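Q: Below are the structure tokens for one structure; questions will follow.
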Amino acid sequence: MKKFDKERVLLAVAGPVIALAVAFVLSAIVLLASGKSPVEPYTLMFEQASFSDIQVLIINQASMYYIAALAVAIGFRMNLFNIGVDGQYQLAAMMAAIVGAHANLPAALQVPLLLLTAVCTGAFWSGIAGVLKVTRGVSEVVATIMLNAIATSVIAYLWLPSVFGVKVGNNNTTGEMHESGWVPGIDMGDAGEIYGLVFLAVLLGIGYWVVLNRTRFGFDLRASGASESAAAASGVDPKRMVLTAMLISGGIAGLAGLPILLGDTHTYSLNFPTGIGFLGIGIALLGRNSPVGIAFAALLWAWLDKASPELDFHDYDKEIAVIMQGLIVLSVVVSYEAVREWGLRRQQRRVGAELAAGHVLGADNNTTKEVAGR
């Protein structure tokens, strides 16, 4: 491996490692300040990860985190901040649940219909922010935040019994979906069942890498994110790329809730998971927008979520895991900036050394020519 490639790998790995190390140290300081052991909580959570039922829960949760983080990463690669993933996936999951409860096609048609419904809903909701940005210059951050709030109100409206809502006790639901829309999972015996759409998350990760690194569209996307003016000079329409990136980001976001919807709950209710879109931001940052890095970050986040309840039984607050997640996000921002500055300084020193070596070589050549001329 070339020296330059080794440095690139080192820079890519250094950021996440430093961020995790700093987060663990700061969490330990918080535990010490509260008079608790800084080691035992992590020992307990690592022990939980050895149980098969917890492993199934971690994989299932990580699949949803992974899809949401991919949606965020698409925006990041285009230098866009899609904060609306949370509203996009919730609204998409609800629309898929409504269609699944009212349409009853054969499974070979029903499942693709639900997937398409979720993708189109998420893309439509994010496309609103994309259109506002390219036509009116509205920041996608502001637009997507507002659309999250609007999505919450739309969901509340659709839950009305006079619309699509079905009351089950004190719970608002969309009614149970027809079985033709259920996606069977992998039966792990007493450990539970792994969602069938975990494989969808894997396929999305592979597709994400192929499109970004092996297609002209992916090159245009990355080029536009790096410099819109340079991309425009090479014939790329930056506005079209912004809109396309927002549509793709929203379409992927729409799939984030489907593993649990089609594999477990089979209805959209008040108990449906929320906040996955916001967690996807931290996961995408920690994974450096890499499909493999995001996978490890999603598993880490899911482990913190599913292993932390055990802390309640040992006189520790399970919110330690939440503190850990927040510290990871903060550490990521600081460590990545530090690593970036370090990388720039190394490049500057290397370029300076090469220029100096070239100057010396040029001087030697001139001396040789003078001697030969004499």
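Ordering of the structure tokens sets the chain letters (A, B, ...), residue numbers begin anew at 1 in every chain, and ligands are numbered from 1 in the order given.
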Write out as a Markdown table a residue-level contact list of stretch 97-190 of chain A versus stretch 271-282 of chain A with cut-off 10 Å: for each qualifying residue the closest pair of atoms and the distance in Å to one decimal, counting only C-alpha atoms, rows sorted by chain and residue number upward.

A:
```
| residue | atom | partner | partner_atom | distance |
| --- | --- | --- | --- | --- |
| A:Asn171 | CA | A:Asn271 | CA | 8.1 |
| A:Asn172 | CA | A:Asn271 | CA | 8.9 |
| A:Thr173 | CA | A:Asn271 | CA | 9.0 |
```

Q: Only N, CA, C and O atoms, please: the residues just picked out, written as a compact mmCIF listing (two decimals), in the first residue's frame.

A:
```
# COMPACT_ATOMS: atom_id res chain seq x y z
N ASN A 171 -55.23 3.84 22.36
CA ASN A 171 -54.17 3.94 21.36
C ASN A 171 -54.74 4.31 20.00
O ASN A 171 -55.75 3.75 19.56
N ASN A 172 -54.10 5.25 19.33
CA ASN A 172 -54.47 5.58 17.95
C ASN A 172 -53.69 4.67 17.00
O ASN A 172 -52.47 4.57 17.08
N THR A 173 -54.39 4.01 16.09
CA THR A 173 -53.73 3.13 15.13
C THR A 173 -54.33 3.37 13.74
O THR A 173 -55.32 4.08 13.59
```

Q: As a VMD selection string, please: every residue in stretch 115-351 of chain A that DSSP puts in alpha helix (DSSP H).

A: chain A and resid 115 to 136 140 to 158 198 to 214 216 to 226 228 to 233 238 to 253 258 to 260 276 to 286 291 to 307 319 to 351

Q: Calculated over only C-alpha atoms, which of the candidates A:Gln110, A:Ser52, A:Ser269, A:Asn170 has the smallest distance to A:Leu158?

A: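 Looking at the shortest contact to A:Leu158, the residue is A:Ser269.
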
Q: Just how far from atom CA of A:Met146 is atom CA of A:Phe164, in Å to one decimal?

A: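 We find that atom CA of A:Phe164 and atom CA of A:Met146 lie 23.9 Å from each other.
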
Q: Any chance you could tabulate, as CSV, the residues of stretch 11-83 of chain A at most 12 Å from stretch 190-193 of chain A with each one's nearest atom pair and distance in Å to one decimal, using only C-alpha atoms, in chain and rising number order?

A:
```
residue,atom,partner,partner_atom,distance
A:Ser50,CA,A:Ala191,CA,11.8
A:Phe51,CA,A:Ala191,CA,8.4
A:Ser52,CA,A:Ala191,CA,5.5
A:Asp53,CA,A:Ala191,CA,4.0
A:Ile54,CA,A:Ala191,CA,7.7
A:Gln55,CA,A:Ala191,CA,8.2
A:Val56,CA,A:Ala191,CA,6.7
A:Leu57,CA,A:Gly192,CA,8.3
A:Ile58,CA,A:Glu193,CA,11.5
A:Ile59,CA,A:Glu193,CA,10.1
A:Asn60,CA,A:Glu193,CA,8.7
```

Q: Export, as a PDB file, in the first residue's frame, the selected residues with all heavy atoms.

A:
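The result, stored in result.pdb:
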```
ATOM      1  N   SER A  50     -23.890 -10.382  24.938  1.00  0.00           N
ATOM      2  CA  SER A  50     -23.585 -11.800  24.733  1.00  0.00           C
ATOM      3  C   SER A  50     -24.837 -12.670  24.704  1.00  0.00           C
ATOM      4  O   SER A  50     -24.762 -13.843  24.344  1.00  0.00           O
ATOM      5  CB  SER A  50     -22.646 -12.292  25.843  1.00  0.00           C
ATOM      6  OG  SER A  50     -23.299 -12.250  27.111  1.00  0.00           O
ATOM      7  N   PHE A  51     -25.993 -12.099  25.060  1.00  0.00           N
ATOM      8  CA  PHE A  51     -27.243 -12.863  25.070  1.00  0.00           C
ATOM      9  C   PHE A  51     -27.890 -12.815  23.689  1.00  0.00           C
ATOM     10  O   PHE A  51     -27.976 -11.748  23.064  1.00  0.00           O
ATOM     11  CB  PHE A  51     -28.201 -12.329  26.124  1.00  0.00           C
ATOM     12  CG  PHE A  51     -27.657 -12.403  27.527  1.00  0.00           C
ATOM     13  CD1 PHE A  51     -27.695 -11.301  28.360  1.00  0.00           C
ATOM     14  CD2 PHE A  51     -27.098 -13.583  28.001  1.00  0.00           C
ATOM     15  CE1 PHE A  51     -27.189 -11.355  29.649  1.00  0.00           C
ATOM     16  CE2 PHE A  51     -26.590 -13.653  29.297  1.00  0.00           C
ATOM     17  CZ  PHE A  51     -26.634 -12.541  30.119  1.00  0.00           C
ATOM     18  N   SER A  52     -28.375 -13.953  23.226  1.00  0.00           N
ATOM     19  CA  SER A  52     -28.901 -14.051  21.866  1.00  0.00           C
ATOM     20  C   SER A  52     -30.132 -13.177  21.653  1.00  0.00           C
ATOM     21  O   SER A  52     -30.311 -12.612  20.571  1.00  0.00           O
ATOM     22  CB  SER A  52     -29.228 -15.506  21.527  1.00  0.00           C
ATOM     23  OG  SER A  52     -30.149 -16.048  22.459  1.00  0.00           O
ATOM     24  N   ASP A  53     -30.996 -13.062  22.664  1.00  0.00           N
ATOM     25  CA  ASP A  53     -32.194 -12.240  22.482  1.00  0.00           C
ATOM     26  C   ASP A  53     -31.847 -10.765  22.341  1.00  0.00           C
ATOM     27  O   ASP A  53     -32.457 -10.037  21.544  1.00  0.00           O
ATOM     28  CB  ASP A  53     -33.182 -12.453  23.636  1.00  0.00           C
ATOM     29  CG  ASP A  53     -32.581 -12.134  24.992  1.00  0.00           C
ATOM     30  OD1 ASP A  53     -31.337 -12.210  25.122  1.00  0.00           O
ATOM     31  OD2 ASP A  53     -33.333 -11.808  25.926  1.00  0.00           O
ATOM     32  N   ILE A  54     -30.830 -10.312  23.077  1.00  0.00           N
ATOM     33  CA  ILE A  54     -30.383  -8.923  22.962  1.00  0.00           C
ATOM     34  C   ILE A  54     -29.719  -8.706  21.605  1.00  0.00           C
ATOM     35  O   ILE A  54     -29.878  -7.653  20.975  1.00  0.00           O
ATOM     36  CB  ILE A  54     -29.412  -8.559  24.095  1.00  0.00           C
ATOM     37  CG1 ILE A  54     -30.089  -8.710  25.453  1.00  0.00           C
ATOM     38  CG2 ILE A  54     -28.903  -7.127  23.924  1.00  0.00           C
ATOM     39  CD1 ILE A  54     -31.279  -7.793  25.667  1.00  0.00           C
ATOM     40  N   GLN A  55     -28.996  -9.701  21.125  1.00  0.00           N
ATOM     41  CA  GLN A  55     -28.360  -9.591  19.813  1.00  0.00           C
ATOM     42  C   GLN A  55     -29.393  -9.412  18.706  1.00  0.00           C
ATOM     43  O   GLN A  55     -29.195  -8.618  17.783  1.00  0.00           O
ATOM     44  CB  GLN A  55     -27.511 -10.836  19.547  1.00  0.00           C
ATOM     45  CG  GLN A  55     -26.293 -10.952  20.434  1.00  0.00           C
ATOM     46  CD  GLN A  55     -25.601 -12.291  20.316  1.00  0.00           C
ATOM     47  OE1 GLN A  55     -26.040 -13.167  19.557  1.00  0.00           O
ATOM     48  NE2 GLN A  55     -24.527 -12.487  21.076  1.00  0.00           N
ATOM     49  N   VAL A  56     -30.504 -10.145  18.815  1.00  0.00           N
ATOM     50  CA  VAL A  56     -31.579 -10.008  17.824  1.00  0.00           C
ATOM     51  C   VAL A  56     -32.161  -8.602  17.880  1.00  0.00           C
ATOM     52  O   VAL A  56     -32.400  -7.962  16.839  1.00  0.00           O
ATOM     53  CB  VAL A  56     -32.672 -11.060  18.061  1.00  0.00           C
ATOM     54  CG1 VAL A  56     -33.915 -10.753  17.210  1.00  0.00           C
ATOM     55  CG2 VAL A  56     -32.149 -12.451  17.735  1.00  0.00           C
ATOM     56  N   LEU A  57     -32.394  -8.098  19.098  1.00  0.00           N
ATOM     57  CA  LEU A  57     -32.931  -6.747  19.254  1.00  0.00           C
ATOM     58  C   LEU A  57     -31.976  -5.703  18.674  1.00  0.00           C
ATOM     59  O   LEU A  57     -32.407  -4.734  18.038  1.00  0.00           O
ATOM     60  CB  LEU A  57     -33.190  -6.451  20.734  1.00  0.00           C
ATOM     61  CG  LEU A  57     -34.314  -7.231  21.410  1.00  0.00           C
ATOM     62  CD1 LEU A  57     -34.359  -6.910  22.910  1.00  0.00           C
ATOM     63  CD2 LEU A  57     -35.657  -6.917  20.766  1.00  0.00           C
ATOM     64  N   ILE A  58     -30.676  -5.906  18.898  1.00  0.00           N
ATOM     65  CA  ILE A  58     -29.677  -4.961  18.388  1.00  0.00           C
ATOM     66  C   ILE A  58     -29.676  -4.951  16.864  1.00  0.00           C
ATOM     67  O   ILE A  58     -29.659  -3.881  16.228  1.00  0.00           O
ATOM     68  CB  ILE A  58     -28.279  -5.324  18.925  1.00  0.00           C
ATOM     69  CG1 ILE A  58     -28.194  -5.020  20.426  1.00  0.00           C
ATOM     70  CG2 ILE A  58     -27.191  -4.553  18.170  1.00  0.00           C
ATOM     71  CD1 ILE A  58     -26.903  -5.494  21.078  1.00  0.00           C
ATOM     72  N   ILE A  59     -29.710  -6.129  16.247  1.00  0.00           N
ATOM     73  CA  ILE A  59     -29.706  -6.206  14.787  1.00  0.00           C
ATOM     74  C   ILE A  59     -30.952  -5.546  14.207  1.00  0.00           C
ATOM     75  O   ILE A  59     -30.879  -4.786  13.235  1.00  0.00           O
ATOM     76  CB  ILE A  59     -29.608  -7.676  14.330  1.00  0.00           C
ATOM     77  CG1 ILE A  59     -28.234  -8.248  14.698  1.00  0.00           C
ATOM     78  CG2 ILE A  59     -29.840  -7.796  12.825  1.00  0.00           C
ATOM     79  CD1 ILE A  59     -28.093  -9.730  14.444  1.00  0.00           C
ATOM     80  N   ASN A  60     -32.113  -5.832  14.801  1.00  0.00           N
ATOM     81  CA  ASN A  60     -33.365  -5.246  14.304  1.00  0.00           C
ATOM     82  C   ASN A  60     -33.349  -3.727  14.412  1.00  0.00           C
ATOM     83  O   ASN A  60     -33.735  -3.023  13.472  1.00  0.00           O
ATOM     84  CB  ASN A  60     -34.555  -5.819  15.075  1.00  0.00           C
ATOM     85  CG  ASN A  60     -34.843  -7.265  14.720  1.00  0.00           C
ATOM     86  OD1 ASN A  60     -34.447  -7.744  13.659  1.00  0.00           O
ATOM     87  ND2 ASN A  60     -35.525  -7.969  15.600  1.00  0.00           N
TER      88      ASN A  60
END
```

Q: Stretch 91-169 of chain A near stretch 249-253 of chain A within 12 Å: what's each residue's closest atom pair and its distance in Å to one decimal, counting only C-alpha atoms, ordered by chain then ascending residue number, as a tab-separated table?

A:
```
residue	atom	partner	partner_atom	distance
A:Leu91	CA	A:Ala253	CA	10.1
A:Ala92	CA	A:Ala253	CA	8.3
A:Ala93	CA	A:Ala253	CA	9.9
A:Leu115	CA	A:Gly251	CA	9.9
A:Leu116	CA	A:Gly251	CA	9.1
A:Thr117	CA	A:Gly251	CA	9.6
A:Ala118	CA	A:Gly251	CA	7.4
A:Val119	CA	A:Gly251	CA	4.2
A:Cys120	CA	A:Gly251	CA	6.2
A:Thr121	CA	A:Gly251	CA	7.3
A:Gly122	CA	A:Gly250	CA	4.5
A:Ala123	CA	A:Gly251	CA	4.2
A:Phe124	CA	A:Gly250	CA	7.4
A:Trp125	CA	A:Gly250	CA	6.9
A:Ser126	CA	A:Gly250	CA	5.0
A:Gly127	CA	A:Gly250	CA	7.4
A:Ile128	CA	A:Gly250	CA	10.1
A:Ala129	CA	A:Gly250	CA	10.0
A:Gly130	CA	A:Gly250	CA	10.0
A:Thr144	CA	A:Gly250	CA	10.5
A:Leu147	CA	A:Gly250	CA	12.0
```

Q: Just to confirm, what's the straight-line distance from atom CA of A:Ala231 to atom CA of A:Gly137 in Å (one decimal)?

A: 18.5 Å

Q: To one decimal place in Å, what is the distance between atom CA of A:Ser335 and atom CA of A:Ile83?

A: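 The value is 22.1 Å.
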
Q: For A:Lys239, which residue among A:Leu132, A:Leu300, A:Val198, A:Ala295 is the nearest when counting only C-alpha atoms?

A: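 Going through A:Leu132, A:Leu300, A:Val198, A:Ala295 one by one, the smallest distance to A:Lys239 is for A:Leu132.
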
Q: What lies within 9 Å of stretch 152-156 of chain A using only C-alpha atoms, ignoring chain neighbours under 3 positions off, as a PDB file with N, CA, C and O atoms, in the first residue's frame?

A:
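Saved to result_28.pdb:
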```
ATOM      1  N   GLY A  87     -39.421  13.202  10.182  1.00  0.00           N
ATOM      2  CA  GLY A  87     -40.780  13.384   9.683  1.00  0.00           C
ATOM      3  C   GLY A  87     -41.042  12.571   8.427  1.00  0.00           C
ATOM      4  O   GLY A  87     -42.152  12.048   8.231  1.00  0.00           O
ATOM      5  N   GLN A  90     -41.595   8.777   9.395  1.00  0.00           N
ATOM      6  CA  GLN A  90     -42.836   8.553  10.136  1.00  0.00           C
ATOM      7  C   GLN A  90     -44.049   8.691   9.224  1.00  0.00           C
ATOM      8  O   GLN A  90     -44.979   7.858   9.272  1.00  0.00           O
ATOM      9  N   LEU A  91     -44.066   9.731   8.411  1.00  0.00           N
ATOM     10  CA  LEU A  91     -45.188   9.914   7.500  1.00  0.00           C
ATOM     11  C   LEU A  91     -45.229   8.786   6.471  1.00  0.00           C
ATOM     12  O   LEU A  91     -46.311   8.285   6.125  1.00  0.00           O
ATOM     13  N   MET A  94     -46.627   5.659   8.080  1.00  0.00           N
ATOM     14  CA  MET A  94     -48.071   5.741   8.263  1.00  0.00           C
ATOM     15  C   MET A  94     -48.806   5.510   6.951  1.00  0.00           C
ATOM     16  O   MET A  94     -49.804   4.780   6.902  1.00  0.00           O
ATOM     17  N   LEU A 147     -41.063  21.094   8.114  1.00  0.00           N
ATOM     18  CA  LEU A 147     -41.802  19.961   7.550  1.00  0.00           C
ATOM     19  C   LEU A 147     -41.961  18.834   8.565  1.00  0.00           C
ATOM     20  O   LEU A 147     -42.937  18.081   8.520  1.00  0.00           O
ATOM     21  N   ASN A 148     -41.002  18.705   9.496  1.00  0.00           N
ATOM     22  CA  ASN A 148     -41.162  17.728  10.577  1.00  0.00           C
ATOM     23  C   ASN A 148     -42.392  18.052  11.418  1.00  0.00           C
ATOM     24  O   ASN A 148     -43.180  17.164  11.764  1.00  0.00           O
ATOM     25  N   ALA A 149     -42.536  19.330  11.740  1.00  0.00           N
ATOM     26  CA  ALA A 149     -43.693  19.751  12.536  1.00  0.00           C
ATOM     27  C   ALA A 149     -44.994  19.543  11.765  1.00  0.00           C
ATOM     28  O   ALA A 149     -46.004  19.103  12.322  1.00  0.00           O
ATOM     29  N   TRP A 159     -54.979  10.142  11.794  1.00  0.00           N
ATOM     30  CA  TRP A 159     -55.374   9.242  12.871  1.00  0.00           C
ATOM     31  C   TRP A 159     -56.837   9.421  13.296  1.00  0.00           C
ATOM     32  O   TRP A 159     -57.360   8.631  14.062  1.00  0.00           O
ATOM     33  N   LEU A 160     -57.471  10.478  12.833  1.00  0.00           N
ATOM     34  CA  LEU A 160     -58.865  10.707  13.216  1.00  0.00           C
ATOM     35  C   LEU A 160     -59.731   9.538  12.739  1.00  0.00           C
ATOM     36  O   LEU A 160     -59.577   9.051  11.612  1.00  0.00           O
TER      37      LEU A 160
END
```

Q: Could you check which of A:Val210, A:Val236, A:Met177, A:Ala28 is closest to A:Met95, using only C-alpha atoms?

A: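 Checking each candidate against A:Met95, we get A:Met177 as the closest.
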
Q: Which polymer residues have any atom within 9 Å of an atom of A:Tyr195, counting only C-alpha atoms, with same-chain residues fewer than 4 positions away left out, as a list in words?

A: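 Skipping anything fewer than 4 positions along the chain leaves Val56, Ile59, Asn60, Ser63, Val183, Pro184, Gly185, Ile186, Phe199, Pro259, Ile260, Leu262, Gly263 and Asp264 of chain A.
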